[in-house]
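So this one's start21.txt, compact mmCIF, C-alpha atoms:
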# COMPACT_ATOMS: atom_id res chain seq x y z
CA MET A 935 109.13 79.50 84.18
CA PHE A 936 109.23 76.04 85.71
CA GLU A 937 112.36 74.78 87.39
CA LEU A 938 113.39 71.87 89.62
CA ALA A 939 114.53 72.39 93.20
CA THR A 940 116.71 69.23 93.07
CA PRO A 941 117.26 68.39 89.38
CA TYR A 942 119.86 65.73 90.19
CA ALA A 943 117.01 63.58 91.53
CA LEU A 944 116.17 62.75 87.89
CA LEU A 945 119.26 60.54 87.89
CA LEU A 946 117.11 58.06 89.84
CA LEU A 947 114.88 57.39 86.79
CA PRO A 948 116.90 54.45 85.36
CA LEU A 949 117.41 52.88 88.80
CA PRO A 950 114.78 50.09 88.38
CA LEU A 951 116.19 49.17 84.96
CA LEU A 952 119.72 48.98 86.38
CA ALA A 953 118.45 46.86 89.25
CA ALA A 954 116.70 44.49 86.85
CA ARG A 955 119.85 44.07 84.75
CA LEU A 956 122.48 43.90 87.47
CA LEU A 957 120.75 42.07 90.34
CA PRO A 958 120.19 38.31 90.17
CA PRO A 959 116.59 37.18 89.57
CA MET A 960 114.56 36.35 92.65
CA ARG A 961 113.84 32.67 93.10
CA ALA A 962 110.40 31.61 94.16
CA GLY A 963 110.41 29.57 97.32
CA GLY A 964 107.98 27.22 98.99
CA ALA A 965 106.17 24.06 97.86
CA ALA A 966 103.50 23.86 95.16
CA LEU A 967 99.89 23.77 96.28
CA ALA A 968 98.07 20.58 95.35
CA VAL A 969 94.45 21.10 94.30
CA PRO A 970 91.82 18.86 92.73
CA GLU A 971 92.04 18.53 88.97
CA HIS A 972 88.78 20.33 88.18
CA ILE A 973 89.77 23.33 90.35
CA GLY A 974 93.17 23.46 88.66
CA SER A 975 91.60 23.58 85.22
CA VAL A 976 89.34 26.47 86.29
CA LEU A 977 92.35 28.45 87.62
CA ILE A 978 94.34 27.85 84.41
CA ALA A 979 91.39 28.98 82.28
CA ALA A 980 90.95 32.13 84.40
CA GLY A 981 94.64 32.94 84.06
CA ARG A 982 94.49 32.61 80.29
CA SER A 983 91.37 34.78 80.04
CA GLY A 984 93.07 37.53 82.13
CA ALA A 985 96.18 37.56 79.98
CA GLY A 986 94.70 39.94 77.39
CA GLY A 987 96.96 42.37 75.59
CA ALA A 988 95.70 45.65 77.03
CA PRO A 989 95.57 44.70 80.75
CA LYS A 990 98.97 43.00 80.51
CA LEU A 991 100.48 46.04 78.81
CA LEU A 992 98.96 48.29 81.48
CA ARG A 993 100.51 46.19 84.25
CA GLN A 994 103.88 46.54 82.57
CA ILE A 995 103.71 50.29 81.95
CA LEU A 996 102.00 51.41 85.16
CA PRO A 997 104.90 50.64 87.55
CA TRP A 998 107.27 52.66 85.34
CA LEU A 999 104.80 55.51 85.21
CA ILE A 1000 104.47 55.46 89.01
CA TRP A 1001 108.25 55.48 89.40
CA GLY A 1002 108.66 58.37 86.96
CA LEU A 1003 106.02 60.45 88.75
CA THR A 1004 107.63 59.71 92.13
CA VAL A 1005 111.06 60.83 90.92
CA LEU A 1006 109.51 63.96 89.40
CA ALA A 1007 107.88 64.80 92.75
CA ILE A 1008 111.21 64.29 94.54
CA SER A 1009 112.94 66.66 92.12
CA GLY A 1010 110.63 69.46 93.32
CA PRO A 1011 108.98 71.16 90.31
CA ARG A 1012 108.27 74.79 91.16
CA MET A 1013 107.73 78.22 89.64
CA PRO A 1014 109.24 81.48 90.95
CA GLN A 1015 106.66 84.00 92.14
CA PRO A 1016 107.27 87.76 91.80
CA VAL A 1017 107.40 89.51 95.18
CA ASN A 1018 108.23 93.03 96.21
CA ALA A 1019 111.57 93.39 97.94
CA LEU A 1020 111.44 94.31 101.61
CA LYS A 1021 112.96 97.74 102.00
CA VAL A 1022 115.46 97.41 104.83
CA SER A 1023 116.46 100.67 106.45
CA GLY A 1024 119.23 99.33 108.69
CA ARG A 1025 117.53 101.00 111.65
CA ASP A 1026 116.52 99.67 115.06
CA LEU A 1027 113.62 101.74 116.38
CA ALA A 1028 112.21 101.30 119.88
CA ILE A 1029 108.86 102.84 120.79
CA ALA A 1030 108.58 103.50 124.54
CA LEU A 1031 104.93 104.04 125.46
CA ASP A 1032 103.77 105.49 128.78
CA LEU A 1033 100.93 103.43 130.32
CA SER A 1034 100.84 105.21 133.66
CA GLY A 1035 97.56 106.07 135.38
CA SER A 1036 97.38 109.58 133.93
CA MET A 1037 96.91 108.16 130.40
CA VAL A 1038 93.29 107.46 131.33
CA ARG A 1039 92.44 111.19 131.35
CA ASP A 1040 89.88 112.01 128.64
CA ASP A 1041 91.17 115.40 127.50
CA PHE A 1042 91.73 114.56 123.82
CA TYR A 1043 89.30 114.59 120.90
CA MET A 1044 89.05 112.33 117.86
CA ASP A 1045 86.43 112.86 115.14
CA GLY A 1046 84.58 115.23 117.46
CA ALA A 1047 84.36 112.70 120.30
CA GLN A 1048 86.13 113.02 123.63
CA VAL A 1049 88.67 110.22 124.17
CA THR A 1050 91.37 109.31 126.66
CA ARG A 1051 95.00 110.07 126.05
CA LEU A 1052 95.66 106.36 125.61
CA GLU A 1053 92.94 105.98 122.97
CA ALA A 1054 94.45 108.84 120.97
CA VAL A 1055 97.95 107.40 121.25
CA VAL A 1056 96.79 103.90 120.32
CA ALA A 1057 94.97 105.08 117.20
CA VAL A 1058 97.84 107.23 115.94
CA GLY A 1059 100.70 105.08 117.26
CA ALA A 1060 99.47 101.84 115.69
CA ASP A 1061 99.24 103.54 112.31
CA PHE A 1062 102.74 104.94 112.77
CA ALA A 1063 104.12 101.47 113.57
CA ARG A 1064 102.53 99.98 110.46
CA ARG A 1065 104.33 102.57 108.32
CA ARG A 1066 107.76 101.51 109.62
CA ALA A 1067 108.24 98.70 107.09
CA GLY A 1068 111.97 98.12 106.73
CA ASP A 1069 112.80 99.08 110.32
CA ARG A 1070 113.33 96.59 113.12
CA VAL A 1071 110.77 97.88 115.61
CA ALA A 1072 110.32 97.07 119.29
CA LEU A 1073 107.66 98.19 121.75
CA ILE A 1074 108.41 99.04 125.37
CA VAL A 1075 105.57 99.88 127.75
CA PHE A 1076 106.21 101.48 131.10
CA GLY A 1077 104.53 102.71 134.21
CA SER A 1078 106.09 101.95 137.57
CA GLU A 1079 108.15 99.31 135.73
CA ALA A 1080 109.24 98.94 132.12
CA TYR A 1081 109.21 95.82 129.96
CA TYR A 1082 109.31 94.75 126.32
CA ALA A 1083 105.86 94.18 124.85
CA THR A 1084 107.48 93.07 121.57
CA PRO A 1085 111.18 92.45 120.84
CA PHE A 1086 112.88 93.95 117.80
CA THR A 1087 111.19 92.60 114.69
CA PHE A 1088 110.48 93.44 111.06
CA ASP A 1089 106.86 92.40 111.70
CA THR A 1090 105.48 95.90 112.16
CA GLU A 1091 101.91 94.59 112.05
CA ALA A 1092 102.57 92.60 115.24
CA VAL A 1093 103.94 95.72 116.94
CA ALA A 1094 100.87 97.72 115.85
CA ARG A 1095 98.55 95.07 117.28
CA ARG A 1096 100.35 95.17 120.62
CA ILE A 1097 99.94 98.95 120.71
CA GLU A 1098 96.22 98.49 120.07
CA GLU A 1099 96.07 96.01 122.97
CA ALA A 1100 97.80 98.37 125.42
CA THR A 1101 96.04 98.65 128.79
CA ILE A 1102 96.46 101.12 131.60
CA GLY A 1103 97.96 99.70 134.77
CA ILE A 1104 99.61 96.53 133.43
CA SER A 1105 103.03 98.00 134.27
CA GLY A 1106 101.99 100.04 137.31
CA ARG A 1107 100.48 103.50 137.55
CA ALA A 1108 103.61 105.60 138.22
CA THR A 1109 105.90 107.02 135.49
CA ASN A 1110 109.35 105.46 135.23
CA ILE A 1111 110.93 107.20 132.24
CA SER A 1112 114.48 106.28 133.24
CA ASP A 1113 113.90 102.53 133.27
CA ALA A 1114 112.02 102.63 129.96
CA LEU A 1115 114.88 104.40 128.24
CA GLY A 1116 117.45 102.23 130.00
CA LEU A 1117 115.69 99.05 128.86
CA ALA A 1118 115.76 100.25 125.25
CA LEU A 1119 119.48 101.02 125.49
CA LYS A 1120 120.21 97.63 127.04
CA ARG A 1121 118.76 95.80 124.03
CA MET A 1122 120.42 98.19 121.60
CA ALA A 1123 123.86 97.73 123.14
CA LYS A 1124 124.46 94.58 121.07
CA SER A 1125 122.65 95.81 117.97
CA GLU A 1126 124.61 95.98 114.71
CA ALA A 1127 122.10 98.37 113.10
CA ALA A 1128 123.56 101.41 111.36
CA THR A 1129 121.02 103.66 113.09
CA ARG A 1130 119.44 103.25 116.51
CA VAL A 1131 116.50 105.39 117.57
CA VAL A 1132 114.15 105.55 120.56
CA ILE A 1133 110.79 107.31 120.42
CA LEU A 1134 109.76 108.05 123.99
CA LEU A 1135 106.18 109.17 124.68
CA SER A 1136 105.11 110.25 128.15
CA ASP A 1137 102.32 112.35 129.64
CA GLY A 1138 103.76 112.74 133.12
CA ALA A 1139 106.84 113.39 135.21
CA ASN A 1140 109.46 110.82 136.14
CA ASN A 1141 108.43 109.71 139.63
CA ALA A 1142 109.74 106.14 139.83
CA GLY A 1143 113.08 104.39 139.39
CA ALA A 1144 116.46 105.00 140.93
CA THR A 1145 118.20 106.70 138.02
CA ASN A 1146 118.03 110.18 136.55
CA PRO A 1147 116.49 110.50 133.04
CA GLN A 1148 119.19 113.00 131.97
CA GLY A 1149 121.88 110.54 133.03
CA VAL A 1150 120.33 107.79 130.91
CA ALA A 1151 120.10 110.24 128.00
CA GLN A 1152 123.83 110.89 128.35
CA LEU A 1153 124.43 107.15 128.06
CA ALA A 1154 122.29 107.12 124.91
CA ALA A 1155 124.42 109.91 123.45
CA GLU A 1156 127.60 107.94 124.18
CA MET A 1157 126.10 104.88 122.46
CA GLY A 1158 125.05 106.92 119.41
CA VAL A 1159 121.34 106.37 120.06
CA ARG A 1160 119.00 109.24 119.17
CA VAL A 1161 116.02 109.73 121.46
CA HIS A 1162 112.99 111.61 120.11
CA THR A 1163 110.62 112.59 122.93
CA ILE A 1164 106.90 113.36 122.79
CA ALA A 1165 105.43 115.34 125.70
CA LEU A 1166 101.72 114.46 125.69
CA GLY A 1167 99.05 116.48 127.47
CA PRO A 1168 97.27 119.83 127.35
CA LYS A 1169 99.33 121.26 130.20
CA ASP A 1170 102.96 121.06 131.29
CA GLU A 1171 104.80 122.25 134.39
CA THR A 1172 105.05 125.81 133.02
CA THR A 1173 101.34 126.28 132.29
CA ALA A 1174 99.65 124.21 135.01
CA GLU A 1175 98.47 125.54 138.32
CA GLU A 1176 100.34 124.56 141.46
CA GLY A 1177 99.38 121.05 142.58
CA GLU A 1178 97.51 120.24 139.39
CA ARG A 1179 97.70 116.57 138.44
CA GLY A 1180 98.16 114.97 135.03
CA VAL A 1181 100.82 117.47 134.01
CA VAL A 1182 103.60 116.44 131.62
CA ASP A 1183 107.23 117.26 132.42
CA ALA A 1184 108.05 118.70 129.01
CA THR A 1185 111.30 120.21 130.30
CA THR A 1186 112.81 116.84 131.24
CA LEU A 1187 111.68 115.24 128.00
CA ARG A 1188 113.21 118.11 126.04
CA ALA A 1189 116.47 117.67 127.93
CA ILE A 1190 116.55 113.97 127.07
CA SER A 1191 116.21 114.65 123.35
CA ASP A 1192 118.71 117.54 123.42
CA ILE A 1193 121.36 115.48 125.20
CA SER A 1194 120.97 112.46 122.86
CA GLY A 1195 120.74 114.46 119.63
CA GLY A 1196 117.06 113.80 119.00
CA GLN A 1197 114.02 116.00 118.55
CA SER A 1198 111.47 117.04 121.18
CA PHE A 1199 107.78 117.42 120.37
CA ARG A 1200 104.97 119.00 122.35
CA VAL A 1201 101.55 117.42 121.79
CA LYS A 1202 98.39 119.04 123.15
CA THR A 1203 95.79 117.72 120.72
CA THR A 1204 95.21 114.71 118.49
CA ASP A 1205 96.08 116.85 115.46
CA ASP A 1206 99.44 117.62 117.09
CA LEU A 1207 100.02 113.91 117.58
CA VAL A 1208 99.28 113.14 113.92
CA ALA A 1209 101.64 115.93 112.85
CA VAL A 1210 104.39 114.54 115.09
CA THR A 1211 104.19 111.07 113.55
CA ALA A 1212 104.40 112.64 110.08
CA GLU A 1213 107.48 114.59 111.16
CA LEU A 1214 109.07 111.45 112.60
CA ASP A 1215 108.45 109.71 109.27
CA ARG A 1216 110.40 112.53 107.65
CA LEU A 1217 113.23 112.44 110.21
CA GLU A 1218 113.53 108.65 110.16
CA ALA A 1219 112.69 107.85 106.54
CA THR A 1220 112.46 104.18 105.57
CA ASP A 1221 113.09 104.43 101.79
CA SER A 1222 116.13 102.37 100.83
CA ASP A 1223 117.11 99.42 98.67
CA GLY A 1224 115.73 96.18 99.98
CA LEU A 1225 116.55 92.50 99.99
CA ALA A 1226 114.61 90.45 97.45
CA ALA A 1227 113.09 87.24 98.76
CA GLU A 1228 112.89 84.10 96.63
CA VAL A 1229 109.34 82.77 96.82
CA TYR A 1230 108.20 79.73 94.84
CA ARG A 1231 104.93 78.05 94.06
CA GLU A 1232 105.48 74.34 94.61
CA PHE A 1233 104.01 71.72 92.23
CA TRP A 1234 105.45 68.46 93.62
CA ILE A 1235 102.08 67.54 95.10
CA TRP A 1236 100.58 66.86 91.65
CA PRO A 1237 102.98 64.14 90.43
CA ALA A 1238 102.99 62.70 93.95
CA ALA A 1239 99.19 62.47 93.93
CA LEU A 1240 99.18 60.86 90.46
CA ALA A 1241 101.79 58.34 91.63
CA LEU A 1242 99.58 57.48 94.61
CA LEU A 1243 96.57 56.97 92.33
CA GLY A 1244 98.70 54.75 90.10
CA CYS A 1245 99.68 52.61 93.09
CA MET A 1246 96.04 52.27 94.08
CA ALA A 1247 95.07 51.27 90.53
CA LEU A 1248 97.88 48.72 90.36
CA ALA A 1249 96.86 47.24 93.70
CA TRP A 1250 93.24 47.05 92.54
CA ARG A 1251 94.27 45.25 89.32
CA GLU A 1252 96.34 42.75 91.28
CA GLU A 1253 93.50 42.20 93.71
CA GLY A 1254 91.07 41.55 90.87
CA ALA A 1255 93.41 39.30 88.91

What do you get writing this file as structure tokens?
Amino acid sequence: MFELATPYALLLLPLPLLAARLLPPMRAGGAALAVPEHIGSVLIAAGRSGAGGAPKLLRQILPWLIWGLTVLAISGPRMPQPVNALKVSGRDLAIALDLSGSMVRDDFYMDGAQVTRLEAVVAVGADFARRRAGDRVALIVFGSEAYYATPFTFDTEAVARRIEEATIGISGRATNISDALGLALKRMAKSEAATRVVILLSDGANNAGATNPQGVAQLAAEMGVRVHTIALGPKDETTAEEGERGVVDATTLRAISDISGGQSFRVKTTDDLVAVTAELDRLEATDSDGLAAEVYREFWIWPAALALLGCMALAWREEGA
């Protein structure tokens, strides 16, 4: 149903009437204009012919109509629009995504086609981010260095788009797991969220940074932050041959999750990756009561436009008089 955003603005309606009654009449100033007699008679005749009933009545009513429409526009007529409440989970969730050089290896398959590890992660990870409605989600990308690609936000679509735009090498080609986790904890230190979670995905071994990943995981445990780790790659240090490259350190990632109270996942195929995101949805469910937003459809533009047309019509009548 219709309502007014500022109903007290209607108190302005009688303002012109009060002004007319309470303020002294304006006195015309200046000298009379002397014109030849025949010109004066023509002007008087034209004035009498323009003093018809209907045009005169219109000139009297139109200013009041314009004023009424203006006051109505100021009062803000609007109609509430039904919207779905945003389900707020009370969770801060940081996704730490490995963009080191090994993510370019094409040892994964999607729809029968061979793809790189990054392409598989982007396709599945973006979809996972979009399903986190109600969480405040952030994206951290890391290689030799770690940085925030998106800060914590309820705009999960923006996070998903940044995942889709991820590029190998923008943060260096080494693997700095410690700094990525440390950066997430630094932002979460001042968070008032009831639950704080990091999802850390890596396909390599920590070979950059000055801190130990297990030490950072201990700090996460002390802060009450759960870290779920995903070890990505067909081979880890227990199954690879000596000196083989592109091997994920699943042992270290498992230790990080164990210390912080999270879960560790081993991903060797795209199907494994899809299953992991489904399991994370179960572990970190987003269903909860939400906050309803008040959204209105505004109608002030219509009386304002009619008032403008009335002003133009009044000006045209005065110009033609």

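Nearest to Gln1152 in chain A of all the residues A:Ala1030, A:Val1075, A:Leu1117, A:Ala1189 is A:Ala1189, based on only C-alpha atoms.
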
Worksheet, complete the sentence: CA of Ala1238 in chain A to CA of Ala954 in chain A measures 23.9 Å

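Across A:Gly1195, A:Pro997, A:Pro958, A:Pro948, the tightest approach to Met1246 in chain A is made by A:Pro997 when counting only C-alpha atoms.
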
Discussion item. For Gly1010 in chain A, find every residue with an atom within 9 Å (counting only C-alpha atoms), except residues of its own chain fewer than 3 positions away, and show them as a PyMOL selection string.
Written reply: chain A and resi 937-941+943+1005-1007+1232-1235

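With distances restricted to all atoms listed in the file, A:Arg1107 is the closest residue to Asn1141 in chain A from A:Ala1128, A:Gly1158, A:Arg1107, A:Ala1092.
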
Worksheet entry | Within 10 Å of Asp1192 in chain A using all atoms listed in the file, minus same-chain residues under 5 positions, as a ChimeraX atom specification | /A:1148,1151-1152,1155,1160-1163,1186-1187,1197-1198

Convert the current residue selection to file output with C-alpha atoms, as a PDB file, in the frame of the given file.
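Resulting contents of result05.pdb:
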ATOM      1  CA  GLN A1148     119.190 113.000 131.970  1.00  0.00           C
ATOM      2  CA  ALA A1151     120.100 110.240 128.000  1.00  0.00           C
ATOM      3  CA  GLN A1152     123.830 110.890 128.350  1.00  0.00           C
ATOM      4  CA  ALA A1155     124.420 109.910 123.450  1.00  0.00           C
ATOM      5  CA  ARG A1160     119.000 109.240 119.170  1.00  0.00           C
ATOM      6  CA  VAL A1161     116.020 109.730 121.460  1.00  0.00           C
ATOM      7  CA  HIS A1162     112.990 111.610 120.110  1.00  0.00           C
ATOM      8  CA  THR A1163     110.620 112.590 122.930  1.00  0.00           C
ATOM      9  CA  THR A1186     112.810 116.840 131.240  1.00  0.00           C
ATOM     10  CA  LEU A1187     111.680 115.240 128.000  1.00  0.00           C
ATOM     11  CA  GLN A1197     114.020 116.000 118.550  1.00  0.00           C
ATOM     12  CA  SER A1198     111.470 117.040 121.180  1.00  0.00           C
TER      13      SER A1198
END

Discussion item. Measuring between all atoms listed in the file, which one of A:Leu996, A:Leu1115, A:Val1208, A:Ala1080 shows the shortest distance to Ala1057 in chain A?
Written reply: A:Val1208

Practice prompt. Would you mind reading off the distance between CA of Val1182 in chain A and CA of Asp1170 in chain A, one decimal, in Å?
Written response: 4.7 Å

Filled-in all heavy atoms of range 938-949 of chain A, supplied as a CSV table (one decimal), in the frame of the given file:
chain,number,residue,atom,x,y,z
A,938,LEU,N,113.4,73.0,88.7
A,938,LEU,CA,113.4,71.9,89.6
A,938,LEU,C,114.3,72.3,90.8
A,938,LEU,O,115.4,72.8,90.6
A,938,LEU,CB,113.9,70.6,89.0
A,938,LEU,CG,113.1,70.0,87.8
A,938,LEU,CD1,113.8,68.8,87.2
A,938,LEU,CD2,111.7,69.7,88.2
A,939,ALA,N,113.8,72.0,92.0
A,939,ALA,CA,114.5,72.4,93.2
A,939,ALA,C,115.8,71.5,93.3
A,939,ALA,O,116.8,71.9,93.7
A,939,ALA,CB,113.7,72.3,94.4
A,940,THR,N,115.6,70.2,93.0
A,940,THR,CA,116.7,69.2,93.1
A,940,THR,C,116.8,68.4,91.8
A,940,THR,O,116.3,67.3,91.7
A,940,THR,CB,116.5,68.3,94.3
A,940,THR,OG1,115.2,67.7,94.2
A,940,THR,CG2,116.7,69.0,95.6
A,941,PRO,N,117.3,69.1,90.7
A,941,PRO,CA,117.3,68.4,89.4
A,941,PRO,C,118.1,67.1,89.3
A,941,PRO,O,117.8,66.2,88.5
A,941,PRO,CB,117.9,69.4,88.4
A,941,PRO,CG,118.6,70.4,89.3
A,941,PRO,CD,117.9,70.4,90.6
A,942,TYR,N,119.1,67.0,90.2
A,942,TYR,CA,119.9,65.7,90.2
A,942,TYR,C,119.0,64.5,90.6
A,942,TYR,O,119.5,63.4,90.4
A,942,TYR,CB,121.1,65.9,91.1
A,942,TYR,CG,122.1,66.8,90.6
A,942,TYR,CD1,122.4,68.0,91.2
A,942,TYR,CD2,122.8,66.6,89.4
A,942,TYR,CE1,123.3,68.9,90.7
A,942,TYR,CE2,123.7,67.4,88.9
A,942,TYR,CZ,124.0,68.6,89.6
A,942,TYR,OH,124.9,69.5,89.1
A,943,ALA,N,117.9,64.7,91.2
A,943,ALA,CA,117.0,63.6,91.5
A,943,ALA,C,116.6,62.8,90.3
A,943,ALA,O,116.2,61.6,90.4
A,943,ALA,CB,115.8,64.1,92.3
A,944,LEU,N,116.6,63.5,89.1
A,944,LEU,CA,116.2,62.8,87.9
A,944,LEU,C,117.1,61.6,87.5
A,944,LEU,O,116.8,60.7,86.7
A,944,LEU,CB,116.1,63.8,86.7
A,944,LEU,CG,115.0,64.9,86.9
A,944,LEU,CD1,115.1,65.8,85.7
A,944,LEU,CD2,113.7,64.3,87.0
A,945,LEU,N,118.3,61.6,88.1
A,945,LEU,CA,119.3,60.5,87.9
A,945,LEU,C,118.7,59.2,88.4
A,945,LEU,O,119.3,58.1,88.1
A,945,LEU,CB,120.6,60.9,88.5
A,945,LEU,CG,121.4,62.1,87.9
A,945,LEU,CD1,122.6,62.4,88.7
A,945,LEU,CD2,121.7,61.8,86.5
A,946,LEU,N,117.7,59.3,89.3
A,946,LEU,CA,117.1,58.1,89.8
A,946,LEU,C,116.2,57.3,88.8
A,946,LEU,O,115.8,56.2,89.1
A,946,LEU,CB,116.3,58.4,91.1
A,946,LEU,CG,117.1,59.0,92.3
A,946,LEU,CD1,116.1,59.4,93.4
A,946,LEU,CD2,118.1,57.9,92.8
A,947,LEU,N,115.8,58.0,87.7
A,947,LEU,CA,114.9,57.4,86.8
A,947,LEU,C,115.3,56.0,86.3
A,947,LEU,O,114.5,55.1,86.3
A,947,LEU,CB,114.7,58.3,85.6
A,947,LEU,CG,113.7,59.5,85.9
A,947,LEU,CD1,113.7,60.5,84.7
A,947,LEU,CD2,112.3,59.0,86.1
A,948,PRO,N,116.6,55.8,85.9
A,948,PRO,CA,116.9,54.4,85.4
A,948,PRO,C,117.2,53.4,86.4
A,948,PRO,O,117.7,52.3,86.1
A,948,PRO,CB,118.1,54.7,84.5
A,948,PRO,CG,118.8,55.9,85.1
A,948,PRO,CD,117.7,56.7,85.7
A,949,LEU,N,117.0,53.8,87.7
A,949,LEU,CA,117.4,52.9,88.8
A,949,LEU,C,116.7,51.5,88.7
A,949,LEU,O,117.4,50.5,88.9
A,949,LEU,CB,117.1,53.6,90.2
A,949,LEU,CG,117.6,52.8,91.4
A,949,LEU,CD1,119.1,52.6,91.4
A,949,LEU,CD2,117.2,53.5,92.7
